[in-house]
Amino acid sequence: MNMKTLQGDMIAAMKARNKGRKDAISALVSAVKKAAIDEGCREDIPESLVDRVILKELKTAKEQLDTCPADRTDLLEEYQLRHDVIQEYAPAMMSEEEVEAYITDKFAEVMATKNKGQIMKAVMAELKGKADGKVINQVVAKCCQ
């Protein structure tokens, strides 16, 4: 995801007077800018950083949805809207089958060791931000049996 796209969509939501969407995108932009400052790349923000922040914010929004009391429908609607907006910008994650094919293709020599820790270390470095860690862990556990 490109930072300019996020900012453009935020401006479009402002013009459309869509407060919920604007707030969600604005929070994303702020989080990306903060992460960029922390990493020292304030002027030229790489897409990998933007994607990483979006995934982190998506996880936070999901946790808010899961922990919100059912009787607080106003909060649930707000959290659901935020989650849905962030989901639009989240990079596509690899499926379990794609992860399994990728691991067996690229990491055949590490897979032969059947050492789950070694395999996870090698695979996570490659697939960070491309696949969910839980999916990777399940595939590796299945392959190590």
# chains A, B, ... in the order shown; residues from 1 in each chain; ligands from 1
call {"tool": "residues_around", "arguments": {"residues": "Arg21 of chain A", "least_positions_apart": "5", "cutoff": "8 Å", "atoms": "only C-alpha atoms", "output": "PyMOL selection string"}}
result
chain A and resi 10+13+81-82+85
call {"tool": "write_last_selection", "arguments": {"atoms": "C-alpha atoms", "output": "PDB file, in the first residue's frame"}}
result
ATOM      1  CA  MET A  10      -8.664  10.126   3.577  1.00  0.00           C
ATOM      2  CA  ALA A  13     -13.697  10.517   2.777  1.00  0.00           C
ATOM      3  CA  LEU A  81     -16.580  -0.112  10.537  1.00  0.00           C
ATOM      4  CA  ARG A  82     -12.962   0.530  11.517  1.00  0.00           C
ATOM      5  CA  VAL A  85     -12.045  -0.023   6.376  1.00  0.00           C
TER       6      VAL A  85
END
call {"tool": "residues_around", "arguments": {"residues": "Lys106 of chain A", "least_positions_apart": "5", "cutoff": "12 Å", "atoms": "only C-alpha atoms", "output": "PyMOL selection string"}}
result
chain A and resi 98-101+111-112+119+122-123+126-127
call {"tool": "residues_around", "arguments": {"residues": "Tyr102 of chain A", "least_positions_apart": "5", "cutoff": "12 Å", "atoms": "only C-alpha atoms", "output": "list of chain:residue names"}}
result
A:Met94, A:Ser95, A:Glu96, A:Glu97, A:Phe107, A:Ala108, A:Met111, A:Val123, A:Met124, A:Glu126, A:Leu127, A:Lys130, A:Ala131, A:Ile136, A:Val139, A:Val140
call {"tool": "write_last_selection", "arguments": {"atoms": "N, CA and C atoms", "output": "PDB file, in the first residue's frame"}}
result
ATOM      1  N   MET A  94      -1.310 -14.988   2.102  1.00  0.00           N
ATOM      2  CA  MET A  94      -1.212 -16.275   1.416  1.00  0.00           C
ATOM      3  C   MET A  94      -2.121 -17.290   2.117  1.00  0.00           C
ATOM      4  N   SER A  95      -2.714 -18.186   1.344  1.00  0.00           N
ATOM      5  CA  SER A  95      -3.559 -19.232   1.922  1.00  0.00           C
ATOM      6  C   SER A  95      -2.672 -20.352   2.467  1.00  0.00           C
ATOM      7  N   GLU A  96      -3.294 -21.260   3.186  1.00  0.00           N
ATOM      8  CA  GLU A  96      -2.552 -22.378   3.773  1.00  0.00           C
ATOM      9  C   GLU A  96      -1.878 -23.217   2.682  1.00  0.00           C
ATOM     10  N   GLU A  97      -2.578 -23.434   1.578  1.00  0.00           N
ATOM     11  CA  GLU A  97      -2.015 -24.230   0.478  1.00  0.00           C
ATOM     12  C   GLU A  97      -0.814 -23.516  -0.149  1.00  0.00           C
ATOM     13  N   PHE A 107      12.229 -24.237   1.013  1.00  0.00           N
ATOM     14  CA  PHE A 107      12.927 -24.629   2.241  1.00  0.00           C
ATOM     15  C   PHE A 107      13.031 -26.143   2.399  1.00  0.00           C
ATOM     16  N   ALA A 108      13.232 -26.839   1.296  1.00  0.00           N
ATOM     17  CA  ALA A 108      13.282 -28.305   1.329  1.00  0.00           C
ATOM     18  C   ALA A 108      14.419 -28.810   2.218  1.00  0.00           C
ATOM     19  N   MET A 111      13.488 -28.232   5.833  1.00  0.00           N
ATOM     20  CA  MET A 111      12.383 -29.117   6.192  1.00  0.00           C
ATOM     21  C   MET A 111      12.879 -30.535   6.472  1.00  0.00           C
ATOM     22  N   VAL A 123      11.532 -19.576   7.744  1.00  0.00           N
ATOM     23  CA  VAL A 123      10.312 -19.277   7.000  1.00  0.00           C
ATOM     24  C   VAL A 123       9.741 -17.915   7.394  1.00  0.00           C
ATOM     25  N   MET A 124       9.718 -17.596   8.667  1.00  0.00           N
ATOM     26  CA  MET A 124       9.131 -16.333   9.122  1.00  0.00           C
ATOM     27  C   MET A 124       9.885 -15.130   8.558  1.00  0.00           C
ATOM     28  N   GLU A 126      11.185 -14.922   5.663  1.00  0.00           N
ATOM     29  CA  GLU A 126      10.772 -14.780   4.261  1.00  0.00           C
ATOM     30  C   GLU A 126       9.318 -14.345   4.105  1.00  0.00           C
ATOM     31  N   LEU A 127       8.435 -14.897   4.950  1.00  0.00           N
ATOM     32  CA  LEU A 127       6.998 -14.705   4.745  1.00  0.00           C
ATOM     33  C   LEU A 127       6.365 -13.659   5.664  1.00  0.00           C
ATOM     34  N   LYS A 130       3.455 -11.488   4.515  1.00  0.00           N
ATOM     35  CA  LYS A 130       2.839 -12.106   3.346  1.00  0.00           C
ATOM     36  C   LYS A 130       1.847 -13.189   3.741  1.00  0.00           C
ATOM     37  N   ALA A 131       2.063 -13.761   4.938  1.00  0.00           N
ATOM     38  CA  ALA A 131       1.191 -14.821   5.425  1.00  0.00           C
ATOM     39  C   ALA A 131       1.035 -14.670   6.936  1.00  0.00           C
ATOM     40  N   ILE A 136       1.316 -20.189   9.115  1.00  0.00           N
ATOM     41  CA  ILE A 136       2.669 -20.724   8.912  1.00  0.00           C
ATOM     42  C   ILE A 136       2.977 -21.771   9.975  1.00  0.00           C
ATOM     43  N   VAL A 139       1.158 -25.041   9.238  1.00  0.00           N
ATOM     44  CA  VAL A 139       1.749 -25.764   8.108  1.00  0.00           C
ATOM     45  C   VAL A 139       3.052 -26.430   8.536  1.00  0.00           C
ATOM     46  N   VAL A 140       3.891 -25.687   9.265  1.00  0.00           N
ATOM     47  CA  VAL A 140       5.171 -26.242   9.709  1.00  0.00           C
ATOM     48  C   VAL A 140       4.949 -27.395  10.668  1.00  0.00           C
TER      49      VAL A 140
END
call {"tool": "closest_residue", "arguments": {"among": "A:Met1, A:Leu49, A:Ala141, A:Ile11", "to": "Ala92 of chain A", "atoms": "only C-alpha atoms"}}
result
A:Met1
call {"tool": "select_by_dssp", "arguments": {"residues": "segment 26-127 of chain A", "states": "helix (DSSP H, G or I)", "output": "ChimeraX atom specification"}}
result
/A:26-39,47-67,73-89,96-106,108-111,116-127
call {"tool": "residues_around", "arguments": {"residues": "Asp23 of chain A", "least_positions_apart": "4", "cutoff": "12 Å", "atoms": "only C-alpha atoms", "output": "VMD selection string"}}
result
chain A and resid 7 9 to 11 13 to 14 17 to 19 27 to 30 78 to 79 81 to 83 85 to 86
call {"tool": "atom_distance", "arguments": {"atom1": "atom CA of Glu63 of chain A", "atom2": "atom CA of Gln80 of chain A"}}
result
10.9 Å
call {"tool": "atom_distance", "arguments": {"atom1": "atom CA of Gln118 of chain A", "atom2": "atom CA of Thr104 of chain A"}}
result
14.4 Å
call {"tool": "closest_residue", "arguments": {"among": "A:Lys128, A:Lys4, A:Lys116, A:Arg72", "to": "Ser48 of chain A", "atoms": "only C-alpha atoms"}}
result
A:Lys128
call {"tool": "atom_distance", "arguments": {"atom1": "atom CA of Val110 of chain A", "atom2": "atom CA of Pro91 of chain A"}}
result
27.4 Å
call {"tool": "residues_around", "arguments": {"residues": "Val32 of chain A", "least_positions_apart": "6", "cutoff": "10 Å", "atoms": "only C-alpha atoms", "output": "PDB file with C-alpha atoms, in the first residue's frame"}}
result
ATOM      1  CA  MET A   3       1.109   6.292   1.637  1.00  0.00           C
ATOM      2  CA  LEU A   6      -4.027   6.367   1.957  1.00  0.00           C
ATOM      3  CA  SER A  26      -6.774   8.989   9.575  1.00  0.00           C
ATOM      4  CA  ASP A  38      10.519   5.765  14.729  1.00  0.00           C
ATOM      5  CA  ARG A  42      10.006  10.237   7.606  1.00  0.00           C
ATOM      6  CA  ILE A  45       8.014   5.865   3.584  1.00  0.00           C
ATOM      7  CA  LEU A  49       6.400  -0.294   6.378  1.00  0.00           C
ATOM      8  CA  VAL A  50       2.898   0.839   5.418  1.00  0.00           C
ATOM      9  CA  ASP A  51       1.768  -2.775   4.956  1.00  0.00           C
ATOM     10  CA  ARG A  52       3.297  -3.803   8.282  1.00  0.00           C
ATOM     11  CA  VAL A  53       1.490  -0.997  10.118  1.00  0.00           C
ATOM     12  CA  ILE A  54      -1.803  -1.781   8.376  1.00  0.00           C
ATOM     13  CA  GLU A  57      -3.771  -1.959  13.071  1.00  0.00           C
TER      14      GLU A  57
END
call {"tool": "closest_residue", "arguments": {"among": "A:Leu75, A:Pro69, A:Ala90, A:Ala61", "to": "Asn2 of chain A", "atoms": "only C-alpha atoms"}}
result
A:Ala90
call {"tool": "closest_residue", "arguments": {"among": "A:Asn137, A:Cys143, A:Lys33, A:Gln87", "to": "Lys114 of chain A", "atoms": "only C-alpha atoms"}}
result
A:Cys143
